[in-house]
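One file, my_file_33.pdb, is given below (PDB, N, CA and C atoms).
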```pdb
ATOM      1  N   MET A   1     -22.067 -55.963 -50.898
ATOM      2  CA  MET A   1     -21.168 -55.552 -49.839
ATOM      3  C   MET A   1     -20.205 -54.475 -50.342
ATOM      4  N   MET A   2     -19.744 -54.617 -51.577
ATOM      5  CA  MET A   2     -18.803 -53.654 -52.141
ATOM      6  C   MET A   2     -19.465 -52.298 -52.331
ATOM      7  N   LYS A   3     -20.758 -52.310 -52.664
ATOM      8  CA  LYS A   3     -21.494 -51.069 -52.865
ATOM      9  C   LYS A   3     -21.613 -50.296 -51.554
ATOM     10  N   LYS A   4     -21.842 -51.005 -50.456
ATOM     11  CA  LYS A   4     -21.941 -50.356 -49.153
ATOM     12  C   LYS A   4     -20.623 -49.692 -48.774
ATOM     13  N   ALA A   5     -19.520 -50.365 -49.055
ATOM     14  CA  ALA A   5     -18.205 -49.808 -48.739
ATOM     15  C   ALA A   5     -17.933 -48.567 -49.584
ATOM     16  N   PHE A   6     -18.335 -48.604 -50.842
ATOM     17  CA  PHE A   6     -18.126 -47.455 -51.724
ATOM     18  C   PHE A   6     -18.975 -46.267 -51.282
ATOM     19  N   VAL A   7     -20.216 -46.531 -50.886
ATOM     20  CA  VAL A   7     -21.096 -45.463 -50.394
ATOM     21  C   VAL A   7     -20.510 -44.861 -49.122
ATOM     22  N   LEU A   8     -20.033 -45.700 -48.225
ATOM     23  CA  LEU A   8     -19.431 -45.220 -46.983
ATOM     24  C   LEU A   8     -18.182 -44.396 -47.258
ATOM     25  N   PHE A   9     -17.353 -44.849 -48.193
ATOM     26  CA  PHE A   9     -16.150 -44.101 -48.557
ATOM     27  C   PHE A   9     -16.503 -42.728 -49.123
ATOM     28  N   LEU A  10     -17.471 -42.683 -50.026
ATOM     29  CA  LEU A  10     -17.878 -41.400 -50.599
ATOM     30  C   LEU A  10     -18.478 -40.470 -49.553
ATOM     31  N   LEU A  11     -19.251 -41.020 -48.648
ATOM     32  CA  LEU A  11     -19.860 -40.217 -47.591
ATOM     33  C   LEU A  11     -18.799 -39.611 -46.670
ATOM     34  N   ILE A  12     -17.859 -40.416 -46.244
ATOM     35  CA  ILE A  12     -16.795 -39.923 -45.368
ATOM     36  C   ILE A  12     -15.924 -38.910 -46.103
ATOM     37  N   ALA A  13     -15.592 -39.188 -47.348
ATOM     38  CA  ALA A  13     -14.779 -38.252 -48.129
ATOM     39  C   ALA A  13     -15.504 -36.920 -48.310
ATOM     40  N   GLY A  14     -16.808 -36.968 -48.548
ATOM     41  CA  GLY A  14     -17.581 -35.746 -48.711
ATOM     42  C   GLY A  14     -17.602 -34.909 -47.451
ATOM     43  N   ILE A  15     -17.816 -35.554 -46.317
ATOM     44  CA  ILE A  15     -17.836 -34.826 -45.048
ATOM     45  C   ILE A  15     -16.477 -34.215 -44.753
ATOM     46  N   VAL A  16     -15.422 -34.979 -44.963
ATOM     47  CA  VAL A  16     -14.069 -34.470 -44.716
ATOM     48  C   VAL A  16     -13.762 -33.288 -45.632
ATOM     49  N   LEU A  17     -14.128 -33.373 -46.887
ATOM     50  CA  LEU A  17     -13.860 -32.280 -47.818
ATOM     51  C   LEU A  17     -14.646 -31.019 -47.482
ATOM     52  N   VAL A  18     -15.876 -31.155 -47.051
ATOM     53  CA  VAL A  18     -16.668 -29.978 -46.679
ATOM     54  C   VAL A  18     -16.077 -29.319 -45.433
ATOM     55  N   VAL A  19     -15.687 -30.111 -44.443
ATOM     56  CA  VAL A  19     -15.051 -29.552 -43.242
ATOM     57  C   VAL A  19     -13.726 -28.885 -43.601
ATOM     58  N   LEU A  20     -12.954 -29.515 -44.459
ATOM     59  CA  LEU A  20     -11.694 -28.930 -44.913
ATOM     60  C   LEU A  20     -11.928 -27.628 -45.660
ATOM     61  N   ALA A  21     -12.990 -27.554 -46.432
ATOM     62  CA  ALA A  21     -13.316 -26.328 -47.161
ATOM     63  C   ALA A  21     -13.636 -25.192 -46.203
ATOM     64  N   VAL A  22     -14.421 -25.481 -45.184
ATOM     65  CA  VAL A  22     -14.772 -24.442 -44.209
ATOM     66  C   VAL A  22     -13.523 -23.953 -43.479
ATOM     67  N   ASN A  23     -12.682 -24.873 -43.046
ATOM     68  CA  ASN A  23     -11.454 -24.479 -42.344
ATOM     69  C   ASN A  23     -10.518 -23.690 -43.245
ATOM     70  N   THR A  24     -10.355 -24.104 -44.475
ATOM     71  CA  THR A  24      -9.479 -23.410 -45.413
ATOM     72  C   THR A  24      -9.997 -22.013 -45.705
ATOM     73  N   TYR A  25     -11.291 -21.876 -45.847
ATOM     74  CA  TYR A  25     -11.872 -20.562 -46.125
ATOM     75  C   TYR A  25     -11.690 -19.621 -44.937
ATOM     76  N   GLN A  26     -11.881 -20.138 -43.739
ATOM     77  CA  GLN A  26     -11.714 -19.311 -42.551
ATOM     78  C   GLN A  26     -10.265 -18.891 -42.360
ATOM     79  N   GLU A  27      -9.317 -19.749 -42.706
ATOM     80  CA  GLU A  27      -7.907 -19.422 -42.560
ATOM     81  C   GLU A  27      -7.406 -18.487 -43.653
ATOM     82  N   SER A  28      -8.149 -18.354 -44.732
ATOM     83  CA  SER A  28      -7.676 -17.538 -45.852
ATOM     84  C   SER A  28      -8.008 -16.063 -45.684
ATOM     85  N   SER A  29      -8.732 -15.719 -44.645
ATOM     86  CA  SER A  29      -9.032 -14.305 -44.414
ATOM     87  C   SER A  29      -8.785 -13.962 -42.948
ATOM     88  N   ALA A  30      -8.335 -12.746 -42.725
ATOM     89  CA  ALA A  30      -8.069 -12.276 -41.371
ATOM     90  C   ALA A  30      -8.442 -10.808 -41.282
ATOM     91  N   SER A  31      -8.859 -10.395 -40.105
ATOM     92  CA  SER A  31      -9.190  -8.984 -39.903
ATOM     93  C   SER A  31      -8.635  -8.525 -38.563
ATOM     94  N   LEU A  32      -8.382  -7.232 -38.500
ATOM     95  CA  LEU A  32      -7.801  -6.635 -37.309
ATOM     96  C   LEU A  32      -8.475  -5.296 -37.072
ATOM     97  N   ASP A  33      -8.853  -5.026 -35.834
ATOM     98  CA  ASP A  33      -9.512  -3.771 -35.488
ATOM     99  C   ASP A  33      -8.556  -2.944 -34.631
ATOM    100  N   VAL A  34      -8.062  -1.828 -35.189
ATOM    101  CA  VAL A  34      -7.110  -0.973 -34.494
ATOM    102  C   VAL A  34      -7.678   0.429 -34.400
ATOM    103  N   LEU A  35      -7.938   0.876 -33.174
ATOM    104  CA  LEU A  35      -8.435   2.230 -32.923
ATOM    105  C   LEU A  35      -9.664   2.569 -33.777
ATOM    106  N   GLY A  36     -10.574   1.633 -33.896
ATOM    107  CA  GLY A  36     -11.779   1.870 -34.669
ATOM    108  C   GLY A  36     -11.599   1.696 -36.163
ATOM    109  N   LEU A  37     -10.391   1.378 -36.614
ATOM    110  CA  LEU A  37     -10.105   1.171 -38.030
ATOM    111  C   LEU A  37     -10.016  -0.333 -38.281
ATOM    112  N   LYS A  38     -10.833  -0.817 -39.194
ATOM    113  CA  LYS A  38     -10.849  -2.256 -39.469
ATOM    114  C   LYS A  38      -9.960  -2.562 -40.664
ATOM    115  N   LEU A  39      -8.976  -3.427 -40.443
ATOM    116  CA  LEU A  39      -8.070  -3.869 -41.496
ATOM    117  C   LEU A  39      -8.356  -5.335 -41.791
ATOM    118  N   SER A  40      -8.371  -5.680 -43.060
ATOM    119  CA  SER A  40      -8.616  -7.078 -43.416
ATOM    120  C   SER A  40      -7.699  -7.483 -44.564
ATOM    121  N   ALA A  41      -7.402  -8.776 -44.575
ATOM    122  CA  ALA A  41      -6.562  -9.337 -45.633
ATOM    123  C   ALA A  41      -7.201 -10.644 -46.095
ATOM    124  N   HIS A  42      -7.124 -10.883 -47.386
ATOM    125  CA  HIS A  42      -7.701 -12.095 -47.967
ATOM    126  C   HIS A  42      -6.660 -12.783 -48.832
ATOM    127  N   ASP A  43      -6.617 -14.094 -48.731
ATOM    128  CA  ASP A  43      -5.739 -14.909 -49.562
ATOM    129  C   ASP A  43      -6.576 -15.492 -50.693
ATOM    130  N   GLN A  44      -6.389 -14.972 -51.885
ATOM    131  CA  GLN A  44      -7.207 -15.373 -53.041
ATOM    132  C   GLN A  44      -7.048 -16.860 -53.362
ATOM    133  N   SER A  45      -5.817 -17.366 -53.342
ATOM    134  CA  SER A  45      -5.612 -18.776 -53.687
ATOM    135  C   SER A  45      -6.209 -19.691 -52.618
ATOM    136  N   GLY A  46      -6.167 -19.264 -51.353
ATOM    137  CA  GLY A  46      -6.780 -20.060 -50.297
ATOM    138  C   GLY A  46      -8.277 -20.137 -50.451
ATOM    139  N   GLN A  47      -8.894 -19.035 -50.850
ATOM    140  CA  GLN A  47     -10.338 -19.040 -51.062
ATOM    141  C   GLN A  47     -10.720 -19.901 -52.262
ATOM    142  N   GLN A  48      -9.918 -19.857 -53.304
ATOM    143  CA  GLN A  48     -10.200 -20.699 -54.474
ATOM    144  C   GLN A  48     -10.063 -22.178 -54.119
ATOM    145  N   ARG A  49      -9.048 -22.506 -53.326
ATOM    146  CA  ARG A  49      -8.847 -23.884 -52.894
ATOM    147  C   ARG A  49     -10.034 -24.346 -52.036
ATOM    148  N   ALA A  50     -10.524 -23.458 -51.173
ATOM    149  CA  ALA A  50     -11.675 -23.798 -50.323
ATOM    150  C   ALA A  50     -12.919 -24.065 -51.171
ATOM    151  N   ILE A  51     -13.115 -23.268 -52.209
ATOM    152  CA  ILE A  51     -14.266 -23.471 -53.093
ATOM    153  C   ILE A  51     -14.161 -24.816 -53.813
ATOM    154  N   LEU A  52     -12.960 -25.169 -54.253
ATOM    155  CA  LEU A  52     -12.768 -26.473 -54.904
ATOM    156  C   LEU A  52     -13.041 -27.622 -53.936
ATOM    157  N   TYR A  53     -12.541 -27.511 -52.708
ATOM    158  CA  TYR A  53     -12.813 -28.542 -51.709
ATOM    159  C   TYR A  53     -14.317 -28.678 -51.482
ATOM    160  N   PHE A  54     -15.013 -27.549 -51.410
ATOM    161  CA  PHE A  54     -16.457 -27.568 -51.173
ATOM    162  C   PHE A  54     -17.195 -28.235 -52.338
ATOM    163  N   ILE A  55     -16.791 -27.896 -53.566
ATOM    164  CA  ILE A  55     -17.437 -28.502 -54.742
ATOM    165  C   ILE A  55     -17.196 -30.005 -54.773
ATOM    166  N   PHE A  56     -15.943 -30.433 -54.544
ATOM    167  CA  PHE A  56     -15.646 -31.866 -54.541
ATOM    168  C   PHE A  56     -16.369 -32.581 -53.405
ATOM    169  N   GLY A  57     -16.508 -31.905 -52.268
ATOM    170  CA  GLY A  57     -17.244 -32.495 -51.150
ATOM    171  C   GLY A  57     -18.709 -32.694 -51.483
ATOM    172  N   LEU A  58     -19.316 -31.685 -52.097
ATOM    173  CA  LEU A  58     -20.727 -31.812 -52.478
ATOM    174  C   LEU A  58     -20.928 -32.885 -53.539
ATOM    175  N   VAL A  59     -20.016 -32.968 -54.495
ATOM    176  CA  VAL A  59     -20.108 -34.008 -55.533
ATOM    177  C   VAL A  59     -19.982 -35.392 -54.899
ATOM    178  N   SER A  60     -19.076 -35.521 -53.946
ATOM    179  CA  SER A  60     -18.897 -36.797 -53.264
ATOM    180  C   SER A  60     -20.134 -37.179 -52.456
ATOM    181  N   LEU A  61     -20.714 -36.204 -51.758
ATOM    182  CA  LEU A  61     -21.936 -36.483 -50.996
ATOM    183  C   LEU A  61     -23.099 -36.841 -51.920
ATOM    184  N   ALA A  62     -23.232 -36.127 -53.019
ATOM    185  CA  ALA A  62     -24.289 -36.435 -53.981
ATOM    186  C   ALA A  62     -24.066 -37.804 -54.605
ATOM    187  N   GLY A  63     -22.818 -38.129 -54.909
ATOM    188  CA  GLY A  63     -22.504 -39.440 -55.472
ATOM    189  C   GLY A  63     -22.828 -40.564 -54.512
ATOM    190  N   SER A  64     -22.519 -40.362 -53.238
ATOM    191  CA  SER A  64     -22.830 -41.401 -52.255
ATOM    192  C   SER A  64     -24.337 -41.601 -52.133
ATOM    193  N   TYR A  65     -25.093 -40.509 -52.199
ATOM    194  CA  TYR A  65     -26.548 -40.627 -52.132
ATOM    195  C   TYR A  65     -27.091 -41.367 -53.362
ATOM    196  N   LEU A  66     -26.583 -41.006 -54.532
ATOM    197  CA  LEU A  66     -27.083 -41.649 -55.755
ATOM    198  C   LEU A  66     -26.737 -43.124 -55.815
ATOM    199  N   VAL A  67     -25.529 -43.485 -55.382
ATOM    200  CA  VAL A  67     -25.157 -44.905 -55.383
ATOM    201  C   VAL A  67     -25.986 -45.661 -54.355
ATOM    202  N   TRP A  68     -26.224 -45.059 -53.180
ATOM    203  CA  TRP A  68     -27.027 -45.704 -52.161
ATOM    204  C   TRP A  68     -28.475 -45.874 -52.627
ATOM    205  N   LYS A  69     -28.997 -44.854 -53.288
ATOM    206  CA  LYS A  69     -30.385 -44.883 -53.751
ATOM    207  C   LYS A  69     -30.584 -45.931 -54.844
ATOM    208  N   LYS A  70     -29.524 -46.190 -55.629
ATOM    209  CA  LYS A  70     -29.618 -47.109 -56.750
ATOM    210  C   LYS A  70     -29.658 -48.583 -56.299
ATOM    211  N   ARG A  71     -29.255 -48.873 -55.054
ATOM    212  CA  ARG A  71     -29.215 -50.261 -54.570
ATOM    213  C   ARG A  71     -30.538 -50.864 -54.647
TER     214      ARG A  71
END
```

Would you write out, as structure tokens, the structure that this file holds?
Amino acid sequence: MMKKAFVLFLLIAGIVLVVLAVNTYQESSASLDVLGLKLSAHDQSGQQRAILYFIFGLVSLAGSYLVWKKR
């Protein structure tokens, strides 16, 4: 029973982290089109944070799969 709860926790944490990574990455860049001139700005620390969230999310999802498979 404890293994099922741990797998569920890892699965939910992985999904939340991947969604958070996508949202953080999208918020870290912006673009503006003025008179045919495209201006863009990027937040380097926001993109790095998004990459970390994505990596932790994938590790969590992989961990949940491995623990579930081991049952």

query: Near stretch 20-27 of chain A, within 7 Å and counting only C-alpha atoms, which residues show up once chain neighbours fewer than 5 positions away are dropped, as a PyMOL selection string?
result: chain A and resi 46-47+50-51+53-54

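Shortest atom-to-atom contact with A:Leu61 among A:Leu37, A:Met1, A:Leu10, A:Val19: A:Leu10, counting all atoms listed in the file.
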
task: Please evaluate the PyMOL selection byres ((chain A and resi 40) around 7) against the structure above and give the resulting residues as a VMD selection string.
output: chain A and resid 29 to 32 38 to 39 41 to 42

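Remark: for A:Val16, the closest of the candidate residues A:Lys4, A:Gly57, A:Ser45, A:Ser64 is A:Gly57 (distances computed over all atoms listed in the file).
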
Would you kindly return, as a PDB file with N, CA and C atoms, in the frame of the given file, each protein, DNA or RNA residue with an atom no farther than 8 Å from any atom of A:Lys3, considering all atoms listed in the file and excluding same-chain residues fewer than 2 positions away?
```pdb
ATOM      1  N   MET A   1     -22.067 -55.963 -50.898  1.00  0.00           N
ATOM      2  CA  MET A   1     -21.168 -55.552 -49.839  1.00  0.00           C
ATOM      3  C   MET A   1     -20.205 -54.475 -50.342  1.00  0.00           C
ATOM      4  N   ALA A   5     -19.520 -50.365 -49.055  1.00  0.00           N
ATOM      5  CA  ALA A   5     -18.205 -49.808 -48.739  1.00  0.00           C
ATOM      6  C   ALA A   5     -17.933 -48.567 -49.584  1.00  0.00           C
ATOM      7  N   PHE A   6     -18.335 -48.604 -50.842  1.00  0.00           N
ATOM      8  CA  PHE A   6     -18.126 -47.455 -51.724  1.00  0.00           C
ATOM      9  C   PHE A   6     -18.975 -46.267 -51.282  1.00  0.00           C
ATOM     10  N   VAL A   7     -20.216 -46.531 -50.886  1.00  0.00           N
ATOM     11  CA  VAL A   7     -21.096 -45.463 -50.394  1.00  0.00           C
ATOM     12  C   VAL A   7     -20.510 -44.861 -49.122  1.00  0.00           C
ATOM     13  N   LEU A   8     -20.033 -45.700 -48.225  1.00  0.00           N
ATOM     14  CA  LEU A   8     -19.431 -45.220 -46.983  1.00  0.00           C
ATOM     15  C   LEU A   8     -18.182 -44.396 -47.258  1.00  0.00           C
ATOM     16  N   PHE A   9     -17.353 -44.849 -48.193  1.00  0.00           N
ATOM     17  CA  PHE A   9     -16.150 -44.101 -48.557  1.00  0.00           C
ATOM     18  C   PHE A   9     -16.503 -42.728 -49.123  1.00  0.00           C
ATOM     19  N   VAL A  67     -25.529 -43.485 -55.382  1.00  0.00           N
ATOM     20  CA  VAL A  67     -25.157 -44.905 -55.383  1.00  0.00           C
ATOM     21  C   VAL A  67     -25.986 -45.661 -54.355  1.00  0.00           C
ATOM     22  N   TRP A  68     -26.224 -45.059 -53.180  1.00  0.00           N
ATOM     23  CA  TRP A  68     -27.027 -45.704 -52.161  1.00  0.00           C
ATOM     24  C   TRP A  68     -28.475 -45.874 -52.627  1.00  0.00           C
ATOM     25  N   ARG A  71     -29.255 -48.873 -55.054  1.00  0.00           N
ATOM     26  CA  ARG A  71     -29.215 -50.261 -54.570  1.00  0.00           C
ATOM     27  C   ARG A  71     -30.538 -50.864 -54.647  1.00  0.00           C
TER      28      ARG A  71
END
```
